[in-house]
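Visitor: This is the content of work.cif (mmCIF, C-alpha atoms (C1' of nucleotides)):
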```
data_query
loop_
_atom_site.label_atom_id
_atom_site.label_comp_id
_atom_site.auth_asym_id
_atom_site.auth_seq_id
_atom_site.Cartn_x
_atom_site.Cartn_y
_atom_site.Cartn_z
CA MET A 1 103.45 -53.21 -132.59
CA PRO A 2 99.71 -53.36 -133.09
CA LYS A 3 98.36 -56.36 -131.25
CA SER A 4 97.45 -58.13 -134.47
CA SER A 5 94.11 -59.75 -133.91
CA HIS A 6 94.21 -62.13 -136.82
CA ILE A 7 92.07 -64.96 -135.68
CA ALA A 8 94.23 -67.89 -136.69
CA SER A 9 92.93 -68.10 -140.23
CA GLN A 10 95.49 -70.80 -140.82
CA ALA A 11 94.09 -74.19 -141.54
CA THR A 12 96.30 -76.25 -139.31
CA PRO A 13 94.46 -79.48 -139.98
CA PRO A 14 93.01 -81.00 -136.83
CA ASP A 15 94.69 -78.33 -134.73
CA SER A 16 93.57 -78.94 -131.26
CA THR A 17 94.85 -76.19 -129.00
CA GLU A 18 96.11 -78.94 -126.82
CA GLY A 19 96.09 -82.69 -126.52
CA ASP A 20 97.94 -83.65 -129.67
CA VAL A 21 96.87 -87.22 -129.97
CA SER A 22 99.21 -89.21 -132.23
CA GLU A 23 100.65 -85.93 -133.56
CA LYS A 24 104.13 -84.53 -133.54
CA PRO A 25 104.62 -83.44 -129.98
CA THR A 26 104.91 -79.79 -129.04
CA TYR A 27 106.05 -78.32 -125.77
CA ALA A 28 105.33 -75.19 -123.83
CA ILE A 29 108.32 -73.38 -122.45
CA GLY A 30 107.59 -74.60 -118.95
CA GLU A 31 107.50 -78.22 -120.00
CA LEU A 32 110.79 -77.95 -121.79
CA ALA A 33 112.28 -76.15 -118.82
CA GLU A 34 111.25 -78.86 -116.40
CA MET A 35 112.34 -81.52 -118.84
CA PHE A 36 115.90 -80.23 -118.83
CA GLU A 37 115.94 -78.75 -115.36
CA VAL A 38 116.50 -75.21 -116.48
CA THR A 39 114.33 -72.14 -116.05
CA PRO A 40 112.14 -70.64 -118.74
CA ARG A 41 114.34 -67.57 -118.48
CA THR A 42 117.27 -69.62 -119.64
CA ILE A 43 115.36 -70.91 -122.63
CA ARG A 44 114.25 -67.43 -123.63
CA PHE A 45 117.80 -66.25 -123.22
CA TYR A 46 119.06 -68.95 -125.55
CA GLU A 47 116.51 -67.84 -128.09
CA GLN A 48 117.67 -64.27 -127.72
CA GLU A 49 121.19 -65.51 -128.39
CA GLY A 50 120.09 -67.15 -131.59
CA LEU A 51 120.27 -70.73 -130.36
CA LEU A 52 116.56 -71.40 -130.61
CA ALA A 53 113.81 -70.14 -132.86
CA PRO A 54 110.54 -71.66 -131.70
CA GLU A 55 107.27 -71.27 -133.50
CA ARG A 56 104.86 -68.66 -132.25
CA ARG A 57 101.22 -69.43 -131.73
CA GLY A 58 99.77 -66.04 -131.02
CA GLN A 59 101.97 -64.77 -128.28
CA ARG A 60 103.25 -68.07 -126.91
CA ARG A 61 106.26 -70.00 -127.93
CA ILE A 62 105.67 -73.49 -129.24
CA TYR A 63 108.59 -75.87 -129.17
CA HIS A 64 108.88 -78.86 -131.41
CA ASP A 65 111.21 -81.83 -131.22
CA LYS A 66 113.67 -79.99 -133.38
CA ASP A 67 113.87 -77.26 -130.74
CA ARG A 68 114.11 -79.80 -127.97
CA VAL A 69 117.09 -81.41 -129.67
CA ARG A 70 118.74 -78.07 -130.07
CA LEU A 71 118.32 -77.28 -126.43
CA LYS A 72 119.79 -80.64 -125.59
CA LEU A 73 122.79 -79.95 -127.80
CA THR A 74 123.20 -76.55 -126.23
CA LEU A 75 123.21 -77.86 -122.70
CA ARG A 76 125.59 -80.60 -123.68
CA GLY A 77 127.92 -78.01 -125.12
CA LYS A 78 127.71 -76.03 -121.93
CA ARG A 79 128.66 -79.01 -119.83
CA LEU A 80 131.73 -79.34 -121.99
CA GLY A 81 132.73 -75.80 -121.22
CA PHE A 82 131.79 -74.17 -124.50
CA THR A 83 130.40 -70.67 -124.50
CA LEU A 84 127.02 -69.94 -125.99
CA ALA A 85 128.77 -68.11 -128.80
CA GLU A 86 130.79 -71.20 -129.66
CA ILE A 87 127.73 -73.38 -129.47
CA ARG A 88 125.83 -71.06 -131.73
CA GLU A 89 128.65 -71.30 -134.21
CA VAL A 90 128.14 -75.04 -134.41
CA VAL A 91 124.38 -74.83 -134.34
CA GLU A 92 124.43 -72.44 -137.25
CA LEU A 93 126.29 -75.07 -139.24
CA TYR A 94 123.13 -77.06 -139.24
CA ASP A 95 121.12 -74.23 -140.71
CA ALA A 96 123.78 -73.13 -143.15
CA MET A 97 124.03 -76.63 -144.58
CA PRO A 98 121.07 -77.05 -146.96
CA ASP A 99 121.74 -74.04 -149.18
CA GLY A 100 125.44 -73.68 -148.58
CA ASN A 101 127.73 -72.88 -151.45
CA ALA A 102 131.08 -74.57 -151.85
CA ARG A 103 133.04 -71.97 -149.92
CA GLN A 104 130.64 -72.07 -146.99
CA LEU A 105 130.71 -75.84 -146.93
CA HIS A 106 134.49 -75.88 -146.86
CA ARG A 107 134.42 -73.33 -144.06
CA ILE A 108 132.14 -75.67 -142.17
CA LEU A 109 134.58 -78.51 -142.60
CA GLU A 110 137.26 -76.27 -141.17
CA ILE A 111 135.24 -75.47 -138.10
CA LEU A 112 134.37 -79.12 -137.68
CA ALA A 113 138.05 -79.98 -137.67
CA GLU A 114 138.68 -77.37 -135.00
CA LYS A 115 135.88 -78.67 -132.83
CA ARG A 116 137.10 -82.18 -133.32
CA ALA A 117 140.52 -81.16 -132.05
CA GLU A 118 138.94 -79.52 -129.03
CA MET A 119 137.05 -82.69 -128.27
CA GLU A 120 140.27 -84.66 -128.35
CA GLN A 121 141.79 -82.17 -125.94
CA ARG A 122 138.80 -82.57 -123.66
CA LYS A 123 139.14 -86.32 -123.77
CA GLU A 124 142.76 -86.05 -122.79
CA ASP A 125 141.82 -83.66 -120.01
CA ILE A 126 139.31 -86.16 -118.73
CA ARG A 127 141.81 -88.97 -118.86
CA LEU A 128 144.33 -87.01 -116.83
CA MET A 129 141.68 -85.81 -114.42
CA GLN A 130 140.54 -89.36 -113.82
CA ASN A 131 144.10 -90.35 -113.10
CA GLU A 132 144.25 -87.59 -110.51
CA LEU A 133 141.06 -88.81 -108.93
CA ASP A 134 142.37 -92.36 -108.85
CA ASP A 135 145.54 -91.13 -107.25
CA VAL A 136 143.78 -89.14 -104.58
CA GLU A 137 141.45 -92.02 -103.84
CA THR A 138 144.30 -94.46 -103.46
CA ARG A 139 146.13 -92.21 -101.07
CA CYS A 140 142.93 -91.45 -99.24
CA ARG A 141 142.21 -95.11 -98.66
CA ALA A 142 145.78 -95.65 -97.60
CA ALA A 143 145.39 -92.90 -95.03
CA LEU A 144 142.25 -94.60 -93.74
CA GLU A 145 144.04 -97.93 -93.49
CA GLY A 146 146.86 -96.44 -91.49
CA LEU A 147 144.32 -94.80 -89.23
CA ALA A 148 142.07 -97.59 -88.06
CA PRO A 149 143.48 -100.99 -89.11
CA MET B 1 151.04 -54.42 -91.27
CA PRO B 2 154.52 -53.22 -90.34
CA LYS B 3 156.83 -53.75 -93.28
CA SER B 4 158.87 -56.30 -91.36
CA SER B 5 162.48 -55.75 -92.28
CA HIS B 6 163.81 -59.08 -91.15
CA ILE B 7 166.79 -59.62 -93.39
CA ALA B 8 166.23 -63.20 -94.44
CA SER B 9 167.98 -64.75 -91.46
CA GLN B 10 167.02 -68.09 -92.87
CA ALA B 11 169.88 -70.27 -94.00
CA THR B 12 168.55 -71.33 -97.36
CA PRO B 13 171.71 -73.16 -98.34
CA PRO B 14 173.30 -71.92 -101.55
CA ASP B 15 170.40 -69.57 -102.14
CA SER B 16 171.27 -67.66 -105.24
CA THR B 17 168.70 -65.00 -105.90
CA GLU B 18 168.53 -66.38 -109.40
CA GLY B 19 170.20 -68.91 -111.66
CA ASP B 20 169.30 -72.09 -109.82
CA VAL B 21 171.78 -74.43 -111.38
CA SER B 22 170.76 -78.05 -110.81
CA GLU B 23 168.27 -76.90 -108.17
CA LYS B 24 164.53 -77.27 -107.91
CA PRO B 25 163.21 -74.83 -110.46
CA THR B 26 161.28 -71.75 -109.44
CA TYR B 27 159.24 -69.46 -111.61
CA ALA B 28 158.32 -65.82 -111.57
CA ILE B 29 154.72 -65.01 -112.20
CA GLY B 30 155.47 -63.82 -115.69
CA GLU B 31 157.22 -67.01 -116.65
CA LEU B 32 154.36 -69.13 -115.43
CA ALA B 33 151.91 -66.89 -117.20
CA GLU B 34 153.70 -67.23 -120.51
CA MET B 35 154.14 -70.93 -119.94
CA PHE B 36 150.39 -71.48 -119.75
CA GLU B 37 149.32 -68.61 -121.94
CA VAL B 38 147.43 -66.78 -119.23
CA THR B 39 148.01 -63.33 -117.77
CA PRO B 40 149.67 -62.66 -114.42
CA ARG B 41 146.37 -61.18 -113.37
CA THR B 42 144.74 -64.56 -113.82
CA ILE B 43 147.36 -66.24 -111.68
CA ARG B 44 146.98 -63.69 -108.90
CA PHE B 45 143.26 -64.12 -109.11
CA TYR B 46 143.55 -67.86 -108.68
CA GLU B 47 145.69 -67.26 -105.64
CA GLN B 48 143.08 -64.92 -104.23
CA GLU B 49 140.54 -67.67 -104.77
CA GLY B 50 142.62 -70.08 -102.76
CA LEU B 51 143.84 -72.19 -105.65
CA LEU B 52 147.48 -71.22 -105.32
CA ALA B 53 149.67 -70.28 -102.41
CA PRO B 54 153.10 -69.42 -103.75
CA GLU B 55 156.08 -68.68 -101.60
CA ARG B 56 156.98 -65.07 -101.00
CA ARG B 57 160.49 -63.82 -101.37
CA GLY B 58 160.21 -60.31 -100.05
CA GLN B 59 157.35 -58.90 -102.02
CA ARG B 60 157.51 -61.18 -105.03
CA ARG B 61 155.76 -64.44 -105.56
CA ILE B 62 157.94 -67.46 -106.15
CA TYR B 63 156.34 -70.44 -107.80
CA HIS B 64 157.65 -73.96 -107.46
CA ASP B 65 156.79 -77.05 -109.43
CA LYS B 66 154.05 -77.81 -106.97
CA ASP B 67 152.40 -74.52 -107.85
CA ARG B 68 152.93 -75.10 -111.53
CA VAL B 69 151.17 -78.44 -111.29
CA ARG B 70 148.31 -76.85 -109.45
CA LEU B 71 147.91 -74.23 -112.09
CA LYS B 72 147.93 -76.93 -114.70
CA LEU B 73 145.21 -78.81 -112.84
CA THR B 74 143.19 -75.65 -112.49
CA LEU B 75 143.31 -74.83 -116.18
CA ARG B 76 142.46 -78.40 -117.03
CA GLY B 77 139.44 -78.20 -114.79
CA LYS B 78 138.40 -75.00 -116.47
CA ARG B 79 138.57 -76.57 -119.89
CA LEU B 80 136.20 -79.21 -118.61
CA GLY B 81 133.71 -76.58 -117.57
CA PHE B 82 134.26 -76.65 -113.83
CA THR B 83 134.02 -73.43 -111.90
CA LEU B 84 136.92 -72.21 -109.82
CA ALA B 85 134.93 -73.02 -106.72
CA GLU B 86 134.53 -76.62 -107.80
CA ILE B 87 138.17 -76.86 -108.70
CA ARG B 88 139.17 -75.47 -105.36
CA GLU B 89 137.04 -78.10 -103.72
CA VAL B 90 139.11 -80.79 -105.39
CA VAL B 91 142.39 -79.02 -104.86
CA GLU B 92 141.67 -78.74 -101.17
CA LEU B 93 141.33 -82.49 -101.05
CA TYR B 94 145.03 -82.68 -101.67
CA ASP B 95 145.80 -80.44 -98.72
CA ALA B 96 143.23 -81.96 -96.41
CA MET B 97 144.67 -85.42 -96.98
CA PRO B 98 147.77 -85.70 -94.79
CA ASP B 99 146.15 -84.83 -91.45
CA GLY B 100 142.60 -85.80 -92.25
CA ASN B 101 140.55 -87.61 -89.66
CA ALA B 102 138.30 -90.51 -90.61
CA ARG B 103 135.21 -88.40 -91.16
CA GLN B 104 137.05 -85.97 -93.41
CA LEU B 105 138.57 -88.81 -95.39
CA HIS B 106 135.19 -90.38 -95.93
CA ARG B 107 133.85 -87.03 -97.03
CA ILE B 108 136.67 -86.87 -99.55
CA LEU B 109 135.73 -90.25 -100.92
CA GLU B 110 132.20 -88.97 -101.34
CA ILE B 111 133.31 -85.96 -103.29
CA LEU B 112 135.59 -88.13 -105.38
CA ALA B 113 132.65 -90.32 -106.30
CA GLU B 114 130.67 -87.28 -107.34
CA LYS B 115 133.47 -85.97 -109.49
CA ARG B 116 133.93 -89.36 -111.01
CA ALA B 117 130.27 -89.40 -112.00
CA GLU B 118 130.64 -85.99 -113.54
CA MET B 119 133.58 -87.17 -115.56
CA GLU B 120 131.55 -90.07 -116.89
CA GLN B 121 128.84 -87.64 -117.87
CA ARG B 122 131.40 -85.52 -119.65
CA LYS B 123 132.72 -88.54 -121.49
CA GLU B 124 129.23 -89.38 -122.66
CA ASP B 125 128.73 -85.77 -123.71
CA ILE B 126 131.87 -85.95 -125.75
CA ARG B 127 130.85 -89.19 -127.36
CA LEU B 128 127.50 -87.76 -128.42
CA MET B 129 129.07 -84.52 -129.54
CA GLN B 130 131.53 -86.41 -131.72
CA ASN B 131 128.64 -88.29 -133.27
CA GLU B 132 127.02 -85.00 -134.09
CA LEU B 133 130.20 -83.74 -135.67
CA ASP B 134 130.50 -86.92 -137.70
CA ASP B 135 126.93 -86.54 -138.82
CA VAL B 136 127.36 -82.94 -139.87
CA GLU B 137 130.56 -83.74 -141.70
CA THR B 138 128.98 -86.58 -143.60
CA ARG B 139 126.07 -84.45 -144.70
CA CYS B 140 128.40 -81.62 -145.49
CA ARG B 141 130.52 -83.76 -147.77
CA ALA B 142 127.40 -85.15 -149.37
CA ALA B 143 126.26 -81.62 -150.10
CA LEU B 144 129.62 -80.91 -151.71
CA GLU B 145 129.39 -84.03 -153.83
CA GLY B 146 125.95 -83.12 -155.08
CA LEU B 147 127.27 -79.66 -155.91
CA ALA B 148 130.29 -80.27 -158.07
CA PRO B 149 130.45 -83.93 -159.08
"C1'" DA C 1 82.38 -62.91 -113.59
"C1'" DC C 2 86.32 -64.11 -111.20
"C1'" DT C 3 90.46 -66.38 -110.07
"C1'" DT C 4 94.18 -69.27 -111.14
"C1'" DT C 5 97.84 -70.78 -114.01
"C1'" DG C 6 101.11 -70.05 -117.33
"C1'" DC C 7 102.92 -67.37 -120.42
"C1'" DT C 8 104.68 -62.61 -122.26
"C1'" DT C 9 107.96 -58.43 -122.44
"C1'" DT C 10 110.89 -55.00 -120.18
"C1'" DA C 11 114.33 -53.87 -117.36
"C1'" DC C 12 117.42 -53.81 -113.82
"C1'" DG C 13 120.42 -56.92 -110.62
"C1'" DT C 14 123.96 -60.44 -109.83
"C1'" DT C 15 127.92 -63.54 -110.06
"C1'" DA C 16 132.11 -65.45 -111.92
"C1'" DA C 17 136.26 -64.59 -113.97
"C1'" DC C 18 138.93 -61.97 -115.23
"C1'" DG C 19 140.74 -56.99 -117.81
"C1'" DT C 20 142.51 -52.55 -117.18
"C1'" DC C 21 144.44 -48.79 -115.28
"C1'" DA C 22 147.19 -46.28 -111.56
"C1'" DA C 23 150.53 -45.59 -108.38
"C1'" DC C 24 154.36 -47.74 -106.26
"C1'" DT C 25 158.52 -50.82 -105.36
"C1'" DA C 26 162.47 -53.51 -106.04
"C1'" DT C 27 166.19 -55.32 -108.78
"C1'" DA C 28 169.42 -55.29 -112.77
"C1'" DG C 29 172.01 -53.17 -116.08
"C1'" DT C 30 174.71 -49.07 -117.83
"C1'" DA D 1 172.68 -42.08 -110.13
"C1'" DC D 2 169.48 -43.17 -113.58
"C1'" DT D 3 166.62 -46.01 -116.28
"C1'" DA D 4 164.43 -50.12 -117.82
"C1'" DT D 5 162.14 -54.20 -116.43
"C1'" DA D 6 159.34 -57.10 -113.77
"C1'" DG D 7 156.37 -57.33 -109.99
"C1'" DT D 8 153.07 -55.46 -106.29
"C1'" DT D 9 148.53 -53.88 -104.41
"C1'" DG D 10 144.24 -51.61 -104.86
"C1'" DA D 11 140.21 -50.37 -107.25
"C1'" DC D 12 137.08 -50.00 -110.75
"C1'" DG D 13 135.35 -51.88 -115.44
"C1'" DT D 14 133.63 -55.61 -118.38
"C1'" DT D 15 131.43 -59.73 -120.25
"C1'" DA D 16 128.72 -63.89 -120.15
"C1'" DA D 17 124.89 -66.07 -118.49
"C1'" DC D 18 121.55 -65.90 -116.38
"C1'" DG D 19 118.19 -64.26 -111.87
"C1'" DT D 20 114.50 -61.51 -110.31
"C1'" DA D 21 110.84 -58.48 -110.03
"C1'" DA D 22 107.04 -55.76 -112.30
"C1'" DA D 23 103.12 -55.42 -115.08
"C1'" DG D 24 100.17 -57.38 -118.12
"C1'" DC D 25 97.63 -60.84 -121.39
"C1'" DA D 26 94.90 -65.04 -122.19
"C1'" DA D 27 92.90 -69.49 -121.89
"C1'" DA D 28 90.74 -72.57 -118.52
"C1'" DG D 29 88.37 -74.02 -114.66
"C1'" DT D 30 84.66 -72.95 -110.99
#
```
What do you get writing this file as structure tokens?
Guide:
Amino acid sequence: MPKSSHIASQATPPDSTEGDVSEKPTYAIGELAEMFEVTPRTIRFYEQEGLLAPERRGQRRIYHDKDRVRLKLTLRGKRLGFTLAEIREVVELYDAMPDGNARQLHRILEILAEKRAEMEQRKEDIRLMQNELDDVETRCRAALEGLAP
Amino acid sequence: MPKSSHIASQATPPDSTEGDVSEKPTYAIGELAEMFEVTPRTIRFYEQEGLLAPERRGQRRIYHDKDRVRLKLTLRGKRLGFTLAEIREVVELYDAMPDGNARQLHRILEILAEKRAEMEQRKEDIRLMQNELDDVETRCRAALEGLAP
DNA sequence: ACTTTGCTTTACGTTAACGTCAACTATAGT
DNA sequence: ACTATAGTTGACGTTAACGTAAAGCAAAGT
């Protein structure tokens, strides 16, 4: 790849290299990383996996709010035990929406139904897990009572 | 390890090698595996990780209801995105309970509080995720409407 | 001009959670 | 006695999701 030296002939209006005053906010990879307490490596990895597609300004990645939201969704999915592949599947629904034909749209509805079912399962799992925690706590406190009354 | 050939001098009452009629049920590893749709390998691995400790009858592993419940808890934890290490931490609470001293018991209460917080986070994650799904579905149906009215 | 700071790619390393043989053993049925 | 059917212990392989280190660019401050 020839290091293309096109000198930003794009007329991005009052494009200040930094200090977007009253403009749509952009983030460097480090900012985003700190913001979500992940490493830049993680963010680049997610891009490599097709979960993010930030703008490029020269060599650097520029993240917009749209990207920030996506990262948030991704991390949320992770906390719920989804794999990156599964998350990408959902994320791609977003992109596939605007120009989707009928068959694609119906396919999306199918996937949505699946995910919805999984969420219900998770909710049930949480409910049961909380019961367990309650149970352990109760017995734990009982043990403490019977120890030093 | 000398293959100890002590011929089961234990008086396990009407211990039929199989066919426990009206007795506490026991399971072979394969049964348990099928029951939870995991492989025997997985179950052995969980044992190796300290999550299970089945009885041994000779060379074979014998699983009781207690073990079955533990496996169930483990898989539930996995679905919620916990690592085996985290799950073990909770599982060990169970064991550490009966003979726990005051300091240990308080430590358990600490961990319980942490887990509880995590569960709340998960619940919030689910709530938000469901909103997302609702949103996508709405827009998806709208796209279908505007396609073939 | 020089250094710092932050980013870039490339590439190999690591960890968790199993999968996949291979070689062996024990029990049950015929 | 032989075979089929689980189950057993290694031991190495695999995949996902990053970590880590190397080498280099580029804008920004001093």
Visitor: May I have the residues within 8 Å of region 19-26 of chain C as a list in words, using all atoms listed in the file and disregarding those fewer than 6 positions away in the same chain?
Guide: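 Once the adjacent positions are removed, what remains is DT8, DG13 and DT14 of chain D.
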Visitor: What would chain B look like once superposed on chain A, with the fit done by least squares over all C-alpha atoms paired in order? Give it as a short mmCIF file (atom, residue, chain, number, x, y, z; two decimals) with C-alpha atoms, keeping the file's coordinate frame.
Guide:
```cif
data_model
loop_
_atom_site.label_atom_id
_atom_site.label_comp_id
_atom_site.auth_asym_id
_atom_site.auth_seq_id
_atom_site.Cartn_x
_atom_site.Cartn_y
_atom_site.Cartn_z
CA MET B 1 104.29 -53.21 -134.08
CA PRO B 2 100.54 -53.32 -134.67
CA LYS B 3 99.08 -56.21 -132.71
CA SER B 4 98.07 -58.00 -135.90
CA SER B 5 94.72 -59.60 -135.26
CA HIS B 6 94.79 -62.07 -138.09
CA ILE B 7 92.64 -64.89 -136.82
CA ALA B 8 94.79 -67.86 -137.70
CA SER B 9 93.48 -68.24 -141.24
CA GLN B 10 95.94 -71.04 -141.64
CA ALA B 11 94.44 -74.47 -142.14
CA THR B 12 96.52 -76.41 -139.68
CA PRO B 13 94.59 -79.62 -140.16
CA PRO B 14 93.06 -81.02 -136.98
CA ASP B 15 94.75 -78.33 -134.93
CA SER B 16 93.57 -78.86 -131.42
CA THR B 17 94.84 -76.12 -129.19
CA GLU B 18 96.03 -78.86 -126.90
CA GLY B 19 95.90 -82.62 -126.48
CA ASP B 20 97.81 -83.67 -129.58
CA VAL B 21 96.78 -87.27 -129.75
CA SER B 22 99.15 -89.24 -131.98
CA GLU B 23 100.55 -85.97 -133.33
CA LYS B 24 104.02 -84.52 -133.30
CA PRO B 25 104.51 -83.44 -129.73
CA THR B 26 104.81 -79.80 -128.78
CA TYR B 27 105.96 -78.33 -125.52
CA ALA B 28 105.24 -75.20 -123.57
CA ILE B 29 108.21 -73.39 -122.20
CA GLY B 30 107.49 -74.60 -118.71
CA GLU B 31 107.40 -78.22 -119.74
CA LEU B 32 110.70 -77.96 -121.53
CA ALA B 33 112.18 -76.15 -118.59
CA GLU B 34 111.16 -78.86 -116.16
CA MET B 35 112.25 -81.52 -118.60
CA PHE B 36 115.82 -80.23 -118.60
CA GLU B 37 115.86 -78.75 -115.14
CA VAL B 38 116.42 -75.20 -116.28
CA THR B 39 114.25 -72.12 -115.81
CA PRO B 40 112.04 -70.62 -118.51
CA ARG B 41 114.24 -67.57 -118.25
CA THR B 42 117.18 -69.63 -119.41
CA ILE B 43 115.26 -70.90 -122.40
CA ARG B 44 114.16 -67.42 -123.41
CA PHE B 45 117.71 -66.26 -123.01
CA TYR B 46 118.97 -68.95 -125.34
CA GLU B 47 116.40 -67.86 -127.86
CA GLN B 48 117.56 -64.28 -127.55
CA GLU B 49 121.07 -65.53 -128.20
CA GLY B 50 119.96 -67.18 -131.40
CA LEU B 51 120.14 -70.76 -130.17
CA LEU B 52 116.42 -71.42 -130.38
CA ALA B 53 113.68 -70.16 -132.63
CA PRO B 54 110.41 -71.67 -131.45
CA GLU B 55 107.15 -71.28 -133.25
CA ARG B 56 104.74 -68.67 -132.00
CA ARG B 57 101.11 -69.42 -131.46
CA GLY B 58 99.70 -66.01 -130.74
CA GLN B 59 101.93 -64.74 -128.00
CA ARG B 60 103.15 -68.05 -126.64
CA ARG B 61 106.16 -70.01 -127.66
CA ILE B 62 105.56 -73.49 -128.97
CA TYR B 63 108.47 -75.88 -128.92
CA HIS B 64 108.74 -78.89 -131.17
CA ASP B 65 111.07 -81.84 -130.99
CA LYS B 66 113.53 -79.98 -133.15
CA ASP B 67 113.73 -77.27 -130.51
CA ARG B 68 113.99 -79.81 -127.75
CA VAL B 69 116.95 -81.43 -129.46
CA ARG B 70 118.60 -78.08 -129.87
CA LEU B 71 118.20 -77.31 -126.23
CA LYS B 72 119.66 -80.67 -125.41
CA LEU B 73 122.65 -79.96 -127.63
CA THR B 74 123.08 -76.56 -126.07
CA LEU B 75 123.11 -77.89 -122.53
CA ARG B 76 125.50 -80.62 -123.54
CA GLY B 77 127.83 -78.04 -124.99
CA LYS B 78 127.63 -76.07 -121.79
CA ARG B 79 128.59 -79.06 -119.71
CA LEU B 80 131.66 -79.37 -121.88
CA GLY B 81 132.65 -75.81 -121.12
CA PHE B 82 131.69 -74.18 -124.39
CA THR B 83 130.29 -70.69 -124.35
CA LEU B 84 126.90 -69.95 -125.83
CA ALA B 85 128.62 -68.13 -128.64
CA GLU B 86 130.64 -71.19 -129.53
CA ILE B 87 127.60 -73.38 -129.32
CA ARG B 88 125.67 -71.07 -131.56
CA GLU B 89 128.48 -71.28 -134.05
CA VAL B 90 127.98 -75.02 -134.26
CA VAL B 91 124.22 -74.83 -134.19
CA GLU B 92 124.26 -72.43 -137.09
CA LEU B 93 126.13 -75.02 -139.08
CA TYR B 94 122.98 -77.06 -139.09
CA ASP B 95 120.95 -74.20 -140.53
CA ALA B 96 123.60 -73.06 -142.98
CA MET B 97 123.84 -76.55 -144.44
CA PRO B 98 120.89 -76.96 -146.81
CA ASP B 99 121.54 -73.91 -149.01
CA GLY B 100 125.24 -73.53 -148.41
CA ASN B 101 127.50 -72.68 -151.30
CA ALA B 102 130.87 -74.37 -151.72
CA ARG B 103 132.82 -71.76 -149.80
CA GLN B 104 130.44 -71.88 -146.86
CA LEU B 105 130.53 -75.66 -146.82
CA HIS B 106 134.30 -75.67 -146.77
CA ARG B 107 134.23 -73.16 -143.95
CA ILE B 108 131.97 -75.53 -142.06
CA LEU B 109 134.42 -78.36 -142.53
CA GLU B 110 137.10 -76.11 -141.10
CA ILE B 111 135.09 -75.34 -138.02
CA LEU B 112 134.23 -79.00 -137.63
CA ALA B 113 137.92 -79.85 -137.63
CA GLU B 114 138.54 -77.27 -134.95
CA LYS B 115 135.76 -78.58 -132.78
CA ARG B 116 136.98 -82.09 -133.29
CA ALA B 117 140.41 -81.06 -132.04
CA GLU B 118 138.84 -79.46 -129.02
CA MET B 119 136.97 -82.63 -128.26
CA GLU B 120 140.19 -84.61 -128.38
CA GLN B 121 141.72 -82.14 -125.98
CA ARG B 122 138.77 -82.56 -123.68
CA LYS B 123 139.10 -86.32 -123.83
CA GLU B 124 142.74 -86.05 -122.85
CA ASP B 125 141.80 -83.69 -120.05
CA ILE B 126 139.33 -86.20 -118.78
CA ARG B 127 141.82 -89.01 -118.96
CA LEU B 128 144.36 -87.05 -116.93
CA MET B 129 141.73 -85.88 -114.49
CA GLN B 130 140.61 -89.45 -113.90
CA ASN B 131 144.20 -90.42 -113.21
CA GLU B 132 144.37 -87.69 -110.63
CA LEU B 133 141.20 -88.91 -109.02
CA ASP B 134 142.54 -92.45 -108.97
CA ASP B 135 145.73 -91.22 -107.40
CA VAL B 136 143.96 -89.25 -104.70
CA GLU B 137 141.67 -92.15 -103.94
CA THR B 138 144.53 -94.57 -103.60
CA ARG B 139 146.39 -92.30 -101.23
CA CYS B 140 143.21 -91.59 -99.37
CA ARG B 141 142.51 -95.25 -98.79
CA ALA B 142 146.11 -95.78 -97.78
CA ALA B 143 145.73 -93.03 -95.21
CA LEU B 144 142.63 -94.76 -93.87
CA GLU B 145 144.44 -98.07 -93.65
CA GLY B 146 147.30 -96.57 -91.71
CA LEU B 147 144.77 -94.97 -89.38
CA ALA B 148 142.60 -97.82 -88.22
CA PRO B 149 144.13 -101.13 -89.26
#
```
Visitor: Kindly give the distance, in Å, that separates CA of Arg76 (chain B) and CA of Met129 (chain A), rounded to a single decimal.
Guide: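 CA of Met129 (chain A) lies at a distance of 7.9 Å from CA of Arg76 (chain B).
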Visitor: Name the residues captured by the PyMOL selection byres ((chain C) within 9 of (chain A)) when it is applied to the shown file; answer as a ChimeraX atom specification.
Guide: /C:6-8
Visitor: With chain A as the partner and 7 Å as the cut-off, tabulate the residues of chain B that qualify, each row holding the nearest pair of atoms and their distance in Å to one decimal, using only C-alpha atoms, sorted by chain and rising number, as JSON lines.
Guide:
```
{"residue": "B:Arg76", "atom": "CA", "partner": "A:Asp125", "partner_atom": "CA", "distance": 6.1}
{"residue": "B:Arg79", "atom": "CA", "partner": "A:Gly81", "partner_atom": "CA", "distance": 6.0}
{"residue": "B:Leu80", "atom": "CA", "partner": "A:Gly81", "partner_atom": "CA", "distance": 5.5}
{"residue": "B:Gly81", "atom": "CA", "partner": "A:Gly81", "partner_atom": "CA", "distance": 3.9}
{"residue": "B:Met97", "atom": "CA", "partner": "A:Cys140", "partner_atom": "CA", "distance": 6.7}
{"residue": "B:Ala102", "atom": "CA", "partner": "A:Leu144", "partner_atom": "CA", "distance": 6.5}
{"residue": "B:Leu105", "atom": "CA", "partner": "A:Cys140", "partner_atom": "CA", "distance": 6.4}
{"residue": "B:Leu109", "atom": "CA", "partner": "A:Glu137", "partner_atom": "CA", "distance": 6.7}
{"residue": "B:Leu112", "atom": "CA", "partner": "A:Leu133", "partner_atom": "CA", "distance": 6.6}
{"residue": "B:Met119", "atom": "CA", "partner": "A:Ile126", "partner_atom": "CA", "distance": 6.6}
{"residue": "B:Arg122", "atom": "CA", "partner": "A:Leu80", "partner_atom": "CA", "distance": 6.6}
{"residue": "B:Asp125", "atom": "CA", "partner": "A:Arg76", "partner_atom": "CA", "distance": 6.0}
{"residue": "B:Ile126", "atom": "CA", "partner": "A:Met119", "partner_atom": "CA", "distance": 6.6}
{"residue": "B:Leu133", "atom": "CA", "partner": "A:Leu112", "partner_atom": "CA", "distance": 6.5}
{"residue": "B:Glu137", "atom": "CA", "partner": "A:Leu109", "partner_atom": "CA", "distance": 6.7}
{"residue": "B:Cys140", "atom": "CA", "partner": "A:Leu105", "partner_atom": "CA", "distance": 6.4}
{"residue": "B:Leu144", "atom": "CA", "partner": "A:Ala102", "partner_atom": "CA", "distance": 6.5}
```
